[in-house]
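> Input model.cif, format and content: mmCIF, C-alpha atoms.
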```cif
data_query
loop_
_atom_site.label_atom_id
_atom_site.label_comp_id
_atom_site.auth_asym_id
_atom_site.auth_seq_id
_atom_site.Cartn_x
_atom_site.Cartn_y
_atom_site.Cartn_z
CA MET A 9 91.75 137.65 89.91
CA ASP A 10 93.47 137.87 86.53
CA GLY A 11 94.85 140.90 84.72
CA ALA A 12 91.80 141.33 82.56
CA GLY A 13 89.69 141.60 85.66
CA ALA A 14 92.06 144.15 87.13
CA GLY A 15 91.63 146.29 84.04
CA GLY A 16 87.89 145.77 83.93
CA ALA A 17 85.73 146.09 80.84
CA TYR A 18 85.98 149.89 80.87
CA VAL A 19 87.44 151.40 77.69
CA ALA A 20 88.75 154.94 78.03
CA ARG A 21 89.43 157.27 75.13
CA THR A 22 89.44 160.84 76.47
CA ALA A 23 90.93 162.60 79.50
CA GLU A 24 87.44 162.85 80.97
CA GLU A 25 86.85 159.11 80.56
CA VAL A 26 90.20 158.26 82.16
CA PHE A 27 89.33 160.59 85.03
CA ARG A 28 85.96 158.86 85.53
CA ASP A 29 87.80 155.53 85.60
CA LEU A 30 90.19 156.84 88.26
CA ARG A 31 87.38 158.39 90.28
CA GLY A 32 85.51 155.07 90.38
CA ARG A 33 88.60 153.13 91.44
CA ARG A 34 89.40 155.79 94.04
CA ALA A 35 85.89 155.60 95.52
CA GLY A 36 86.16 151.83 95.88
CA MET A 37 89.55 152.02 97.62
CA ILE A 38 88.39 154.77 99.96
CA LYS A 39 85.42 152.61 100.90
CA ALA A 40 87.76 149.71 101.71
CA LEU A 41 89.90 151.90 103.98
CA THR A 42 87.00 153.68 105.73
CA GLU A 43 83.47 152.23 105.64
CA ASP A 44 84.59 148.62 105.10
CA VAL A 45 87.79 148.87 107.13
CA ASP A 46 86.94 145.94 109.44
CA LYS A 47 86.33 143.64 106.49
CA PHE A 48 89.45 144.93 104.75
CA PHE A 49 91.55 144.34 107.89
CA LYS A 50 90.43 140.73 108.17
CA LEU A 51 91.06 139.99 104.49
CA CYS A 52 94.66 141.21 104.78
CA ASP A 53 95.80 138.16 106.72
CA PRO A 54 99.62 138.17 107.09
CA GLU A 55 99.56 134.36 106.88
CA LYS A 56 98.37 134.50 103.28
CA GLU A 57 100.48 135.12 100.18
CA ASN A 58 101.27 138.55 98.73
CA LEU A 59 97.99 140.44 98.55
CA CYS A 60 97.00 143.63 96.71
CA LEU A 61 94.15 146.10 97.10
CA TYR A 62 92.35 146.73 93.81
CA GLY A 63 89.84 149.46 93.11
CA TYR A 64 87.46 149.12 90.17
CA PRO A 65 85.72 151.68 87.94
CA ASN A 66 82.31 150.66 89.37
CA GLU A 67 83.41 151.91 92.82
CA THR A 68 84.00 148.43 94.29
CA TRP A 69 87.19 146.99 95.78
CA GLU A 70 88.89 143.63 96.24
CA VAL A 71 91.84 142.21 98.17
CA THR A 72 93.39 139.45 96.09
CA LEU A 73 96.57 138.06 94.59
CA PRO A 74 98.34 140.04 91.85
CA ALA A 75 97.88 139.24 88.18
CA GLU A 76 99.83 136.21 86.99
CA GLU A 77 100.38 137.38 83.44
CA VAL A 78 103.59 139.28 82.66
CA PRO A 79 103.44 142.06 81.80
CA PRO A 80 100.05 142.76 83.41
CA GLU A 81 97.25 144.42 81.46
CA ILE A 82 97.55 147.57 83.57
CA PRO A 83 100.06 148.61 86.27
CA GLU A 84 99.72 146.55 89.44
CA PRO A 85 99.08 147.98 92.94
CA ALA A 86 101.51 147.58 95.85
CA LEU A 87 102.31 143.96 96.56
CA GLY A 88 102.17 142.35 100.01
CA ILE A 89 100.15 144.97 101.92
CA ASN A 90 99.04 142.21 104.30
CA PHE A 91 102.54 141.46 105.62
CA ALA A 92 102.85 144.78 107.50
CA ARG A 93 99.37 144.66 109.03
CA ASP A 94 100.28 143.29 112.46
CA GLY A 95 103.66 144.96 112.69
CA MET A 96 102.29 148.52 112.68
CA ASN A 97 99.71 150.66 114.39
CA GLU A 98 96.45 150.15 112.48
CA LYS A 99 96.08 153.83 111.56
CA ASP A 100 99.66 153.98 110.32
CA TRP A 101 99.17 150.82 108.30
CA LEU A 102 95.99 152.15 106.69
CA ALA A 103 97.78 155.42 105.89
CA LEU A 104 100.60 153.46 104.24
CA VAL A 105 98.13 151.48 102.12
CA ALA A 106 96.44 154.77 101.20
CA VAL A 107 99.72 156.28 99.97
CA HIS A 108 100.43 153.23 97.80
CA SER A 109 96.85 153.37 96.51
CA ASP A 110 97.27 157.01 95.43
CA SER A 111 100.46 156.06 93.61
CA TRP A 112 98.70 153.20 91.85
CA LEU A 113 95.80 155.38 90.71
CA LEU A 114 98.18 157.87 89.12
CA SER A 115 100.14 155.14 87.38
CA VAL A 116 96.96 153.60 85.96
CA ALA A 117 95.61 156.98 84.80
CA PHE A 118 98.79 157.95 82.99
CA TYR A 119 99.19 154.45 81.61
CA PHE A 120 95.85 155.01 79.88
CA GLY A 121 97.05 158.47 78.82
CA ALA A 122 100.10 156.94 77.13
CA ARG A 123 98.08 154.08 75.68
CA PHE A 124 95.56 156.43 74.09
CA GLY A 125 98.17 158.89 72.84
CA PHE A 126 97.34 161.88 75.05
CA ASP A 127 99.19 165.03 74.03
CA LYS A 128 100.56 167.64 76.43
CA GLU A 129 97.23 169.45 76.76
CA ASN A 130 95.27 166.25 77.49
CA ARG A 131 97.83 165.16 80.08
CA ARG A 132 97.65 168.57 81.73
CA ARG A 133 93.84 168.48 81.78
CA LEU A 134 93.86 164.97 83.24
CA PHE A 135 96.33 165.91 85.98
CA ASN A 136 94.37 169.04 86.90
CA MET A 137 91.15 167.05 87.27
CA ILE A 138 92.94 164.49 89.46
CA ASN A 139 94.67 167.19 91.48
CA ASN A 140 91.33 168.79 92.37
CA LEU A 141 90.37 165.63 94.29
CA PRO A 142 91.65 164.97 97.81
CA THR A 143 94.08 162.06 97.81
CA ILE A 144 93.08 158.77 99.38
CA TYR A 145 95.72 159.45 102.03
CA GLU A 146 94.13 162.82 102.86
CA VAL A 147 90.69 161.22 103.16
CA VAL A 148 91.82 158.25 105.28
CA THR A 149 93.90 160.35 107.69
CA GLY A 150 91.25 163.09 108.01
CA ILE A 151 93.45 165.79 106.48
CA ALA A 152 90.92 166.47 103.72
CA LYS A 153 88.12 167.11 106.22
CA LYS A 154 90.38 169.38 108.27
CA GLN A 155 91.39 171.39 105.21
CA SER A 156 87.74 171.76 104.22
CA LYS A 157 86.86 173.18 107.64
CA GLU A 158 89.77 175.61 107.55
CA LYS A 159 88.74 176.96 104.16
CA THR A 160 85.12 177.59 105.11
CA PRO A 161 85.58 180.63 107.42
CA ASN A 162 88.25 182.13 105.17
CA SER A 163 86.02 182.05 102.15
CA SER A 164 83.49 184.35 103.86
CA SER A 165 85.98 186.65 105.57
CA LYS A 166 86.38 190.05 103.97
CA SER A 167 89.78 190.62 105.55
CA ASN A 168 91.21 187.60 103.73
CA LYS A 169 90.11 188.59 100.27
CA PRO A 170 93.05 189.88 98.19
CA SER A 171 92.60 193.33 96.68
CA MET A 172 92.80 193.58 92.92
CA LYS A 173 93.47 196.72 90.95
CA VAL A 174 92.23 195.36 87.62
CA VAL A 175 88.54 195.11 86.79
CA SER A 176 87.31 192.41 84.45
CA ALA A 177 86.93 193.54 80.88
CA THR A 178 83.62 191.73 80.61
CA ALA A 179 82.02 192.49 83.98
CA PRO A 180 80.26 195.84 84.60
CA LEU A 181 82.15 198.12 86.98
CA SER A 182 79.32 198.07 89.51
CA ARG A 183 79.50 194.28 89.72
CA ALA A 184 83.29 194.04 89.78
CA GLU A 185 83.96 195.79 93.10
CA PRO A 186 84.44 192.61 95.18
CA ARG A 187 87.58 192.04 93.08
CA ALA A 188 88.60 195.70 92.87
CA LYS A 189 90.60 197.83 95.22
CA ALA A 190 88.48 199.58 97.87
CA LYS A 191 88.63 203.36 97.54
CA VAL A 192 87.39 204.41 100.97
CA PRO A 193 87.95 202.70 104.36
CA VAL A 194 84.63 201.42 105.69
CA PRO A 195 83.79 202.20 109.37
CA LYS A 196 83.19 199.13 111.52
CA ASP A 197 79.54 199.93 112.15
CA GLU A 198 78.88 200.09 108.40
CA GLU A 199 80.96 196.96 107.83
CA GLU A 200 78.54 194.96 109.96
CA SER A 201 75.63 195.88 107.72
CA GLY A 202 75.95 193.95 104.47
CA GLU A 203 72.96 195.57 102.77
CA ASP A 204 74.04 199.14 103.50
CA GLU A 205 77.53 198.42 102.27
CA GLY A 206 76.23 196.93 99.04
CA ASP A 207 74.08 200.00 98.40
CA ASP A 208 77.03 202.32 99.09
CA GLU A 209 79.27 200.40 96.71
CA GLU A 210 76.63 200.47 93.98
CA GLU A 211 76.20 204.23 94.40
CA GLU A 212 79.97 204.73 94.48
CA HIS A 213 80.44 203.08 91.11
CA ASP A 214 77.53 204.95 89.58
CA ASN A 215 79.49 208.12 90.37
CA THR A 216 82.92 206.84 89.32
CA LEU A 217 84.41 208.92 86.52
CA CYS A 218 87.35 208.12 84.30
CA GLY A 219 90.38 210.21 85.30
CA THR A 220 91.16 210.92 81.64
CA CYS A 221 87.89 211.47 79.80
CA GLY A 222 85.81 212.47 82.84
CA THR A 223 82.88 210.19 82.03
CA ASN A 224 81.52 207.01 83.54
CA ASP A 225 80.50 205.58 80.18
CA GLY A 226 81.50 202.08 79.21
CA LYS A 227 80.94 200.33 82.55
CA ASP A 228 81.05 197.04 80.69
CA GLU A 229 84.53 197.87 79.45
CA PHE A 230 87.91 197.30 81.06
CA TRP A 231 88.87 199.74 83.85
CA ILE A 232 92.10 200.08 85.83
CA CYS A 233 92.88 201.94 89.07
CA CYS A 234 96.02 203.99 89.72
CA ASP A 235 97.86 202.68 92.79
CA ASN A 236 99.18 206.16 93.51
CA CYS A 237 96.22 208.55 93.22
CA GLU A 238 93.45 205.92 93.46
CA LYS A 239 91.67 207.24 90.36
CA TRP A 240 89.94 204.88 87.94
CA TYR A 241 90.58 204.99 84.18
CA HIS A 242 89.12 203.39 81.08
CA GLY A 243 91.76 201.00 79.81
CA LYS A 244 91.45 202.48 76.33
CA CYS A 245 91.97 206.01 77.67
CA VAL A 246 95.36 205.13 79.18
CA LYS A 247 96.22 202.57 76.50
CA ILE A 248 96.29 199.60 78.91
CA THR A 249 94.82 196.28 77.79
CA PRO A 250 93.67 193.50 80.16
CA ALA A 251 96.55 191.31 78.98
CA ARG A 252 99.12 194.02 79.67
CA ALA A 253 97.56 194.80 83.06
CA GLU A 254 98.14 191.24 84.20
CA HIS A 255 101.89 191.95 84.17
CA ILE A 256 101.69 195.29 86.01
CA LYS A 257 102.26 194.96 89.76
CA HIS A 258 101.76 198.65 90.66
CA TYR A 259 100.01 200.82 88.10
CA ARG A 260 100.66 204.58 87.95
CA CYS A 261 98.50 206.72 85.70
CA PRO A 262 100.12 209.06 83.13
CA GLU A 263 99.68 212.11 85.39
CA CYS A 264 101.38 210.42 88.37
CA THR A 265 104.09 209.00 86.13
CA ASN A 266 104.90 212.47 84.80
CA GLY A 267 105.46 213.74 88.35
CA GLY A 268 102.17 215.52 88.86
CA SER A 269 101.34 216.52 92.41
CA ASN A 270 98.92 214.29 94.26
CA SER A 271 98.02 216.84 96.93
CA ASN A 272 94.78 217.84 95.25
CA LYS A 273 93.72 214.33 94.30
CA ARG A 274 90.54 213.13 96.01
CA VAL A 275 88.76 209.80 96.08
CA LYS A 276 85.29 209.58 94.63
CA THR A 277 82.72 208.39 97.20
#
```
How does the structure come out when it is put into structure tokens?


Amino acid sequence: MDGAGAGGAYVARTAEEVFRDLRGRRAGMIKALTEDVDKFFKLCDPEKENLCLYGYPNETWEVTLPAEEVPPEIPEPALGINFARDGMNEKDWLALVAVHSDSWLLSVAFYFGARFGFDKENRRRLFNMINNLPTIYEVVTGIAKKQSKEKTPNSSSKSNKPSMKVVSATAPLSRAEPRAKAKVPVPKDEEESGEDEGDDEEEEHDNTLCGTCGTNDGKDEFWICCDNCEKWYHGKCVKITPARAEHIKHYRCPECTNGGSNSNKRVKT
């Protein structure tokens, strides 16, 4: 196969197009190392010359000799993958090919980025899209599947959700509680009942009053909770903006900051 074939007829111009190109090549290489592994193993005959594994944008793959032209049209994959086939455990050999394949995909993607003049923002966007995909190595070794299983129970576990003291400036207070700090410990028997808990939270926020102005108006506005007295405040009432709140680790309301006693402070239920 020549260099033009290695590059394919695909012409990329944007970060999204380069990512689609990478995703197609990645799919082809994963197929070679998983579904078509028997065929791939046979093609990588150590008695043959230096062989490379190519992935193409149309999600196909090929084991063939490297491009003859110098320099090649696009970066070339690892050379001579066939020579180590019989000298290693098959799983280890496939993992090694997978690592080199990941490296090749990145080099091709950022070659296109340089070729098409990507600026810092486009390079960042391209890398983030790539980084959201499991690597070929993770897929071939089963790490990706294991990580997916580990994330599933955590995503539904209440105990693993981080508490947040800042409520979104755009979301109504009654709908922002899953990301807000809980005001009252929930008994275990109530915790088991999802519907009852949801109703209680809805009612709780309907009764939440701003510690400064004493109203619950502006539920669509930005609210913030004092880490000391647990009272909620309109951001505008305590002169705290969402941007400023992002840099506050532990917020204390003006009354707590001025040394006011907290003995008579109660939590709204």

> Could you check the closest approach to A:Asp29 for each of A:Glu76, A:Glu67, A:Asp94, A:Glu57 and tell me which residue wins, using all atoms listed in the file?

A:Glu67

> Can you pull out the residues contacting stretch 36-38 of chain A? Cut-off 8 Å, using only C-alpha atoms, and skip same-chain residues under 3 positions away; I want them as a PDB file with C-alpha atoms, in the coordinates of the input.


```
ATOM      1  CA  GLY A  32      85.510 155.070  90.380  1.00  0.00           C
ATOM      2  CA  ARG A  33      88.600 153.130  91.440  1.00  0.00           C
ATOM      3  CA  LEU A  41      89.900 151.900 103.980  1.00  0.00           C
ATOM      4  CA  THR A  42      87.000 153.680 105.730  1.00  0.00           C
ATOM      5  CA  GLU A  43      83.470 152.230 105.640  1.00  0.00           C
ATOM      6  CA  LEU A  61      94.150 146.100  97.100  1.00  0.00           C
ATOM      7  CA  TYR A  62      92.350 146.730  93.810  1.00  0.00           C
ATOM      8  CA  GLY A  63      89.840 149.460  93.110  1.00  0.00           C
ATOM      9  CA  TYR A  64      87.460 149.120  90.170  1.00  0.00           C
ATOM     10  CA  PRO A  65      85.720 151.680  87.940  1.00  0.00           C
ATOM     11  CA  ASN A  66      82.310 150.660  89.370  1.00  0.00           C
ATOM     12  CA  GLU A  67      83.410 151.910  92.820  1.00  0.00           C
ATOM     13  CA  THR A  68      84.000 148.430  94.290  1.00  0.00           C
ATOM     14  CA  TRP A  69      87.190 146.990  95.780  1.00  0.00           C
ATOM     15  CA  SER A 109      96.850 153.370  96.510  1.00  0.00           C
ATOM     16  CA  ILE A 144      93.080 158.770  99.380  1.00  0.00           C
ATOM     17  CA  VAL A 147      90.690 161.220 103.160  1.00  0.00           C
ATOM     18  CA  VAL A 148      91.820 158.250 105.280  1.00  0.00           C
TER      19      VAL A 148
END
```

> Between atom CA of A:Leu134 and atom CA of A:Ala251, measure the distance and give it in Å to one decimal.

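Taking atom CA of A:Leu134 as the start and atom CA of A:Ala251 as the end point, the length is 26.8 Å.
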
> In terms of the shortest atom-to-atom distance over all atoms listed in the file, which of A:Glu70, A:Glu98, A:Glu24, A:Glu146 is closest to A:Asp44?

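Of all the options, A:Glu70 lies closest to A:Asp44.
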
> Report, in Å to a single decimal, how far apart atom CA of A:Val71 and atom CA of A:Leu51 are.

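Result for atom CA of A:Leu51 versus atom CA of A:Val71: 6.7 Å, one decimal.
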
> Quick one, how far is atom CA of A:Arg132 from atom CA of A:Val26?

12.7 Å
